Amino acid sequence: MVSLSILASSSKGNGYLLETPKSRILIDPGIRYKKIIRHLSDMNVPVESIKAVFITHEHTDHVAGLPILLKKMPFPLYCSTLTWKALKKSMGLEDKAVDWRPFESGSRYLLDEIEIESFPIPHDAADPVGFLFHHHRGTIGLLTDLGYVTKLVKEKITPCHTLLLESNYDMDLLQADRKRPWSVKQRILSRHGHLSNEATASIACDLAKKGLKKLFLAHLSEDCNRVELAETTVKNKILSSSLPLPHVQAIDPLKPSLQIVL
């Protein structure tokens with residue numbers, strides 16, 4: 001079995017565990033170390049069984065648990081050179097204390113029976129990437145934190161059997177939100193910010209034409225989105241386009257526990 005388990009998925013924290021019969025890979029430990037351990041314990045996964053940690057980018061909601069995690073367990077850490085430089089600056093990590101294994105955006109890395117492919121995405125980070133996890137059973141895509149879908153991104157995710165895709169906010173809820181100043185809203189709305197439900201729905205239509213089987217909506221804002229709203233927006237857009245409807249499920253930011261099986 002090949003699966004991607006969601007430990008956390010929201011604007012406040014993210015974390016994923018990729019499992020195959022031979023490997024366990026932690027992606028974006030963006031929640032506290034104790035919470036990571038608790039989630040893994042609930043899944044009967046010993047933390048020492050993890051073979052590596054992969055990072056998409058250096059924002060806190062994707063790396064909050066990383067310093068203590070690496071201090072407790074010296075896992076190999078895979079991220080790009082620019083992301084590593086940003087992590088060292090923001091989190092006080094040191095070259096000599098971390099088993100850092102660099103990759104360049106666009107590269108492929110074989111870890112046991114999984115081929116991990118990275119690709120660049122537009123977001124306001126040092127060198128943000130999405131990931132494709134290739135297996136003989138199919139390909140799982142992990143794509144959050146991007147302001148729009150470039151031609152390259154579209155090419156990369158089109159062959160996915162299963163895709164975890166950002167659907168961060170509803171436009172009306174974001175505009176009405178009183179917690180965020182206009183400058184923050186502008187950042188979210190920018191081409192290096194985040195995807196709205198409507199933007200994700202348009203992408204989903206293109207992927208439905210190509211045979212996508214499972215679509216999971218991730219990184220929902222707790223304040224500016226709703227599970228039902230994200231799902232309905234995407235499903236209605238696909239159905240109104242007379243396209244085959246893949247399995248569409250939004251990940252609840254308050255109850256993220258979910259195992260996606262390929």
# chains A, B, ... in the order shown; residues from 1 in each chain; ligands from 1
$ select_by_dssp --residues "segment 101-232 of chain A" --states "helix (DSSP H, G or I)" --output "ChimeraX atom specification"
/A:151-157,171-176,182-189,197-209,227-232
$ residues_around --residues "segment 67-71 of chain A" --least-positions-apart "5" --cutoff "8 Å" --atoms "only C-alpha atoms" --output "list in words"
Tyr33, Met91, Leu93 and Val98 of chain A
$ write_last_selection --atoms "C-alpha atoms" --output "short mmCIF file (atom, residue, chain, number, x, y, z; two decimals), in the first residue's frame"
data_model
loop_
_atom_site.label_atom_id
_atom_site.label_comp_id
_atom_site.auth_asym_id
_atom_site.auth_seq_id
_atom_site.Cartn_x
_atom_site.Cartn_y
_atom_site.Cartn_z
CA TYR A 33 7.32 18.36 17.79
CA MET A 91 15.64 28.88 12.77
CA LEU A 93 20.14 25.60 12.11
CA VAL A 98 22.17 18.70 10.31
#
$ residues_around --residues "segment 2-13 of chain A" --least-positions-apart "3" --cutoff "9 Å" --atoms "only C-alpha atoms" --output "PyMOL selection string"
chain A and resi 16-21+29-32+35-36+39-40+60-64+135+137+140+168+218-222+251-262
$ residues_around --residues "Lys88 of chain A" --least-positions-apart "5" --cutoff "12 Å" --atoms "only C-alpha atoms" --output "PDB file with N, CA, C and O atoms, in the first residue's frame"
ATOM      1  N   GLU A  58      10.299  27.389   3.505  1.00  0.00           N
ATOM      2  CA  GLU A  58      10.739  27.675   4.869  1.00  0.00           C
ATOM      3  C   GLU A  58       9.722  28.398   5.741  1.00  0.00           C
ATOM      4  O   GLU A  58      10.031  28.739   6.894  1.00  0.00           O
ATOM      5  N   VAL A  63       7.452  24.375   8.825  1.00  0.00           N
ATOM      6  CA  VAL A  63       8.710  23.905   9.446  1.00  0.00           C
ATOM      7  C   VAL A  63       8.772  24.134  10.955  1.00  0.00           C
ATOM      8  O   VAL A  63       9.836  23.977  11.559  1.00  0.00           O
ATOM      9  N   LEU A  66      10.542  21.519  12.991  1.00  0.00           N
ATOM     10  CA  LEU A  66      11.787  20.987  12.426  1.00  0.00           C
ATOM     11  C   LEU A  66      12.991  21.053  13.378  1.00  0.00           C
ATOM     12  O   LEU A  66      13.706  20.045  13.514  1.00  0.00           O
ATOM     13  N   PRO A  67      13.281  22.176  14.037  1.00  0.00           N
ATOM     14  CA  PRO A  67      14.500  22.229  14.865  1.00  0.00           C
ATOM     15  C   PRO A  67      14.540  21.163  15.955  1.00  0.00           C
ATOM     16  O   PRO A  67      15.552  20.469  16.119  1.00  0.00           O
ATOM     17  N   CYS A  79      16.146  19.536   1.120  1.00  0.00           N
ATOM     18  CA  CYS A  79      15.555  20.791   0.668  1.00  0.00           C
ATOM     19  C   CYS A  79      16.555  21.474  -0.252  1.00  0.00           C
ATOM     20  O   CYS A  79      17.726  21.105  -0.306  1.00  0.00           O
ATOM     21  N   THR A  81      19.007  24.481  -1.858  1.00  0.00           N
ATOM     22  CA  THR A  81      20.057  25.298  -1.258  1.00  0.00           C
ATOM     23  C   THR A  81      19.503  26.610  -0.713  1.00  0.00           C
ATOM     24  O   THR A  81      19.831  27.022   0.411  1.00  0.00           O
ATOM     25  N   LEU A  82      18.650  27.287  -1.475  1.00  0.00           N
ATOM     26  CA  LEU A  82      18.085  28.553  -1.026  1.00  0.00           C
ATOM     27  C   LEU A  82      17.160  28.366   0.175  1.00  0.00           C
ATOM     28  O   LEU A  82      17.139  29.192   1.088  1.00  0.00           O
ATOM     29  N   THR A  83      16.416  27.261   0.182  1.00  0.00           N
ATOM     30  CA  THR A  83      15.549  26.980   1.334  1.00  0.00           C
ATOM     31  C   THR A  83      16.399  26.708   2.570  1.00  0.00           C
ATOM     32  O   THR A  83      16.075  27.167   3.673  1.00  0.00           O
ATOM     33  N   LEU A  93      19.558  26.911  12.424  1.00  0.00           N
ATOM     34  CA  LEU A  93      20.136  25.604  12.113  1.00  0.00           C
ATOM     35  C   LEU A  93      21.580  25.770  11.633  1.00  0.00           C
ATOM     36  O   LEU A  93      21.938  26.788  11.058  1.00  0.00           O
ATOM     37  N   GLU A  94      22.388  24.743  11.865  1.00  0.00           N
ATOM     38  CA  GLU A  94      23.797  24.815  11.502  1.00  0.00           C
ATOM     39  C   GLU A  94      24.162  23.656  10.596  1.00  0.00           C
ATOM     40  O   GLU A  94      23.670  22.534  10.753  1.00  0.00           O
ATOM     41  N   ASP A  95      25.086  23.918   9.666  1.00  0.00           N
ATOM     42  CA  ASP A  95      25.525  22.890   8.712  1.00  0.00           C
ATOM     43  C   ASP A  95      26.050  21.651   9.420  1.00  0.00           C
ATOM     44  O   ASP A  95      25.701  20.528   9.065  1.00  0.00           O
ATOM     45  N   LYS A  96      26.870  21.855  10.428  1.00  0.00           N
ATOM     46  CA  LYS A  96      27.532  20.728  11.076  1.00  0.00           C
ATOM     47  C   LYS A  96      26.579  19.894  11.926  1.00  0.00           C
ATOM     48  O   LYS A  96      26.883  18.753  12.272  1.00  0.00           O
ATOM     49  N   ALA A  97      25.412  20.464  12.271  1.00  0.00           N
ATOM     50  CA  ALA A  97      24.483  19.764  13.151  1.00  0.00           C
ATOM     51  C   ALA A  97      23.363  19.050  12.403  1.00  0.00           C
ATOM     52  O   ALA A  97      22.587  18.321  13.007  1.00  0.00           O
ATOM     53  N   VAL A  98      23.279  19.250  11.096  1.00  0.00           N
ATOM     54  CA  VAL A  98      22.171  18.698  10.310  1.00  0.00           C
ATOM     55  C   VAL A  98      22.706  17.923   9.118  1.00  0.00           C
ATOM     56  O   VAL A  98      23.634  18.371   8.438  1.00  0.00           O
ATOM     57  N   TRP A 100      22.100  17.637   6.025  1.00  0.00           N
ATOM     58  CA  TRP A 100      21.389  18.288   4.930  1.00  0.00           C
ATOM     59  C   TRP A 100      21.800  17.688   3.590  1.00  0.00           C
ATOM     60  O   TRP A 100      22.976  17.562   3.287  1.00  0.00           O
TER      61      TRP A 100
END
$ residues_around --residues "segment 113-129 of chain A" --least-positions-apart "4" --cutoff "6 Å" --atoms "only C-alpha atoms" --output "MDAnalysis selection string"
chainID A and resid 56:57 82:83 105:109 133:135 146:147 192:193
$ closest_residue --among "A:Asp206, A:Glu198, A:Asp42, A:Asp112" --to "Asn236 of chain A" --atoms "only C-alpha atoms"
A:Glu198
$ closest_residue --among "A:His161, A:Arg226, A:Arg180, A:Lys51" --to "Pro74 of chain A" --atoms "only C-alpha atoms"
A:Lys51
$ closest_residue --among "A:Leu142, A:Gln186, A:Asp172, A:Leu152" --to "Leu217 of chain A" --atoms "only C-alpha atoms"
A:Leu142
$ select_by_dssp --residues "segment 108-231 of chain A" --states "strand (DSSP E)" --output "number ranges by chain"
A: 108-111, 114-120, 129-135, 138-143, 162-166, 214-218
$ residues_around --residues "Val234 of chain A" --least-positions-apart "5" --cutoff "9 Å" --atoms "only C-alpha atoms" --output "JSON, numbers by chain"
{"A": [197, 198, 200, 201, 202, 204, 205, 229, 239, 248]}
$ write_last_selection --atoms "C-alpha atoms" --output "JSON list (two decimals), in the first residue's frame"
[["chain", "number", "residue", "atom", "x", "y", "z"],
["A", 197, "ASN", "CA", -11.62, 28.08, -4.14],
["A", 198, "GLU", "CA", -12.56, 29.43, -7.58],
["A", 200, "THR", "CA", -8.69, 25.66, -7.58],
["A", 201, "ALA", "CA", -12.02, 24.77, -9.19],
["A", 202, "SER", "CA", -10.75, 25.94, -12.59],
["A", 204, "ALA", "CA", -9.73, 20.86, -11.15],
["A", 205, "CYS", "CA", -11.73, 21.10, -14.38],
["A", 229, "LEU", "CA", -17.81, 25.75, 0.64],
["A", 239, "LEU", "CA", -20.27, 19.28, -13.01],
["A", 248, "VAL", "CA", -13.31, 15.53, -4.20]]
$ closest_residue --among "A:Val149, A:Ile157, A:Ala86, A:Ala208" --to "Ser242 of chain A" --atoms "only C-alpha atoms"
A:Ala208
$ closest_residue --among "A:Ser167, A:Ser183, A:Thr232, A:Ser190" --to "Phe216 of chain A" --atoms "only C-alpha atoms"
A:Ser167
$ residues_around --residues "Lys210 of chain A" --least-positions-apart "5" --cutoff "12 Å" --atoms "only C-alpha atoms" --output "list in words"
Lys154, Glu155, Ile157, Thr158, Pro159, Cys160, His161, Ile203, Ala204, Cys205, Leu243, Pro244, Leu245 and Pro246 of chain A
$ write_last_selection --atoms "N, CA and C atoms" --output "compact mmCIF listing (two decimals), in the first residue's frame"
# COMPACT_ATOMS: atom_id res chain seq x y z
N LYS A 154 1.15 23.10 -14.29
CA LYS A 154 0.05 22.36 -14.92
C LYS A 154 0.56 21.10 -15.61
N GLU A 155 1.69 21.22 -16.30
CA GLU A 155 2.28 20.05 -16.97
C GLU A 155 2.66 18.98 -15.96
N ILE A 157 1.42 18.39 -12.84
CA ILE A 157 0.36 17.74 -12.08
C ILE A 157 -0.67 17.03 -12.94
N THR A 158 -0.65 17.27 -14.24
CA THR A 158 -1.65 16.64 -15.12
C THR A 158 -1.64 15.12 -15.05
N PRO A 159 -0.48 14.43 -14.98
CA PRO A 159 -0.51 12.97 -14.94
C PRO A 159 -0.89 12.37 -13.58
N CYS A 160 -1.17 13.19 -12.57
CA CYS A 160 -1.41 12.67 -11.23
C CYS A 160 -2.67 11.80 -11.18
N HIS A 161 -2.56 10.69 -10.49
CA HIS A 161 -3.73 9.88 -10.15
C HIS A 161 -4.46 10.50 -8.97
N ILE A 203 -8.68 24.82 -12.02
CA ILE A 203 -7.61 23.83 -12.22
C ILE A 203 -8.20 22.41 -12.20
N ALA A 204 -9.13 22.19 -11.28
CA ALA A 204 -9.73 20.86 -11.15
C ALA A 204 -10.45 20.46 -12.43
N CYS A 205 -11.06 21.41 -13.11
CA CYS A 205 -11.73 21.10 -14.38
C CYS A 205 -10.72 20.61 -15.42
N LEU A 243 -18.08 17.48 -17.00
CA LEU A 243 -16.88 16.66 -16.93
C LEU A 243 -17.07 15.54 -15.92
N PRO A 244 -16.32 14.44 -16.05
CA PRO A 244 -16.41 13.37 -15.05
C PRO A 244 -15.92 13.89 -13.70
N LEU A 245 -16.66 13.57 -12.65
CA LEU A 245 -16.35 14.09 -11.32
C LEU A 245 -15.43 13.13 -10.58
N PRO A 246 -14.20 13.54 -10.29
CA PRO A 246 -13.34 12.69 -9.46
C PRO A 246 -13.81 12.75 -8.01
$ atom_distance --atom1 "atom CA of Ser23 of chain A" --atom2 "atom CA of Lys214 of chain A"
22.4 Å
$ atom_distance --atom1 "atom CA of Ala230 of chain A" --atom2 "atom CA of Thr150 of chain A"
21.6 Å
$ atom_distance --atom1 "atom CA of Arg187 of chain A" --atom2 "atom CA of Gly65 of chain A"
24.8 Å
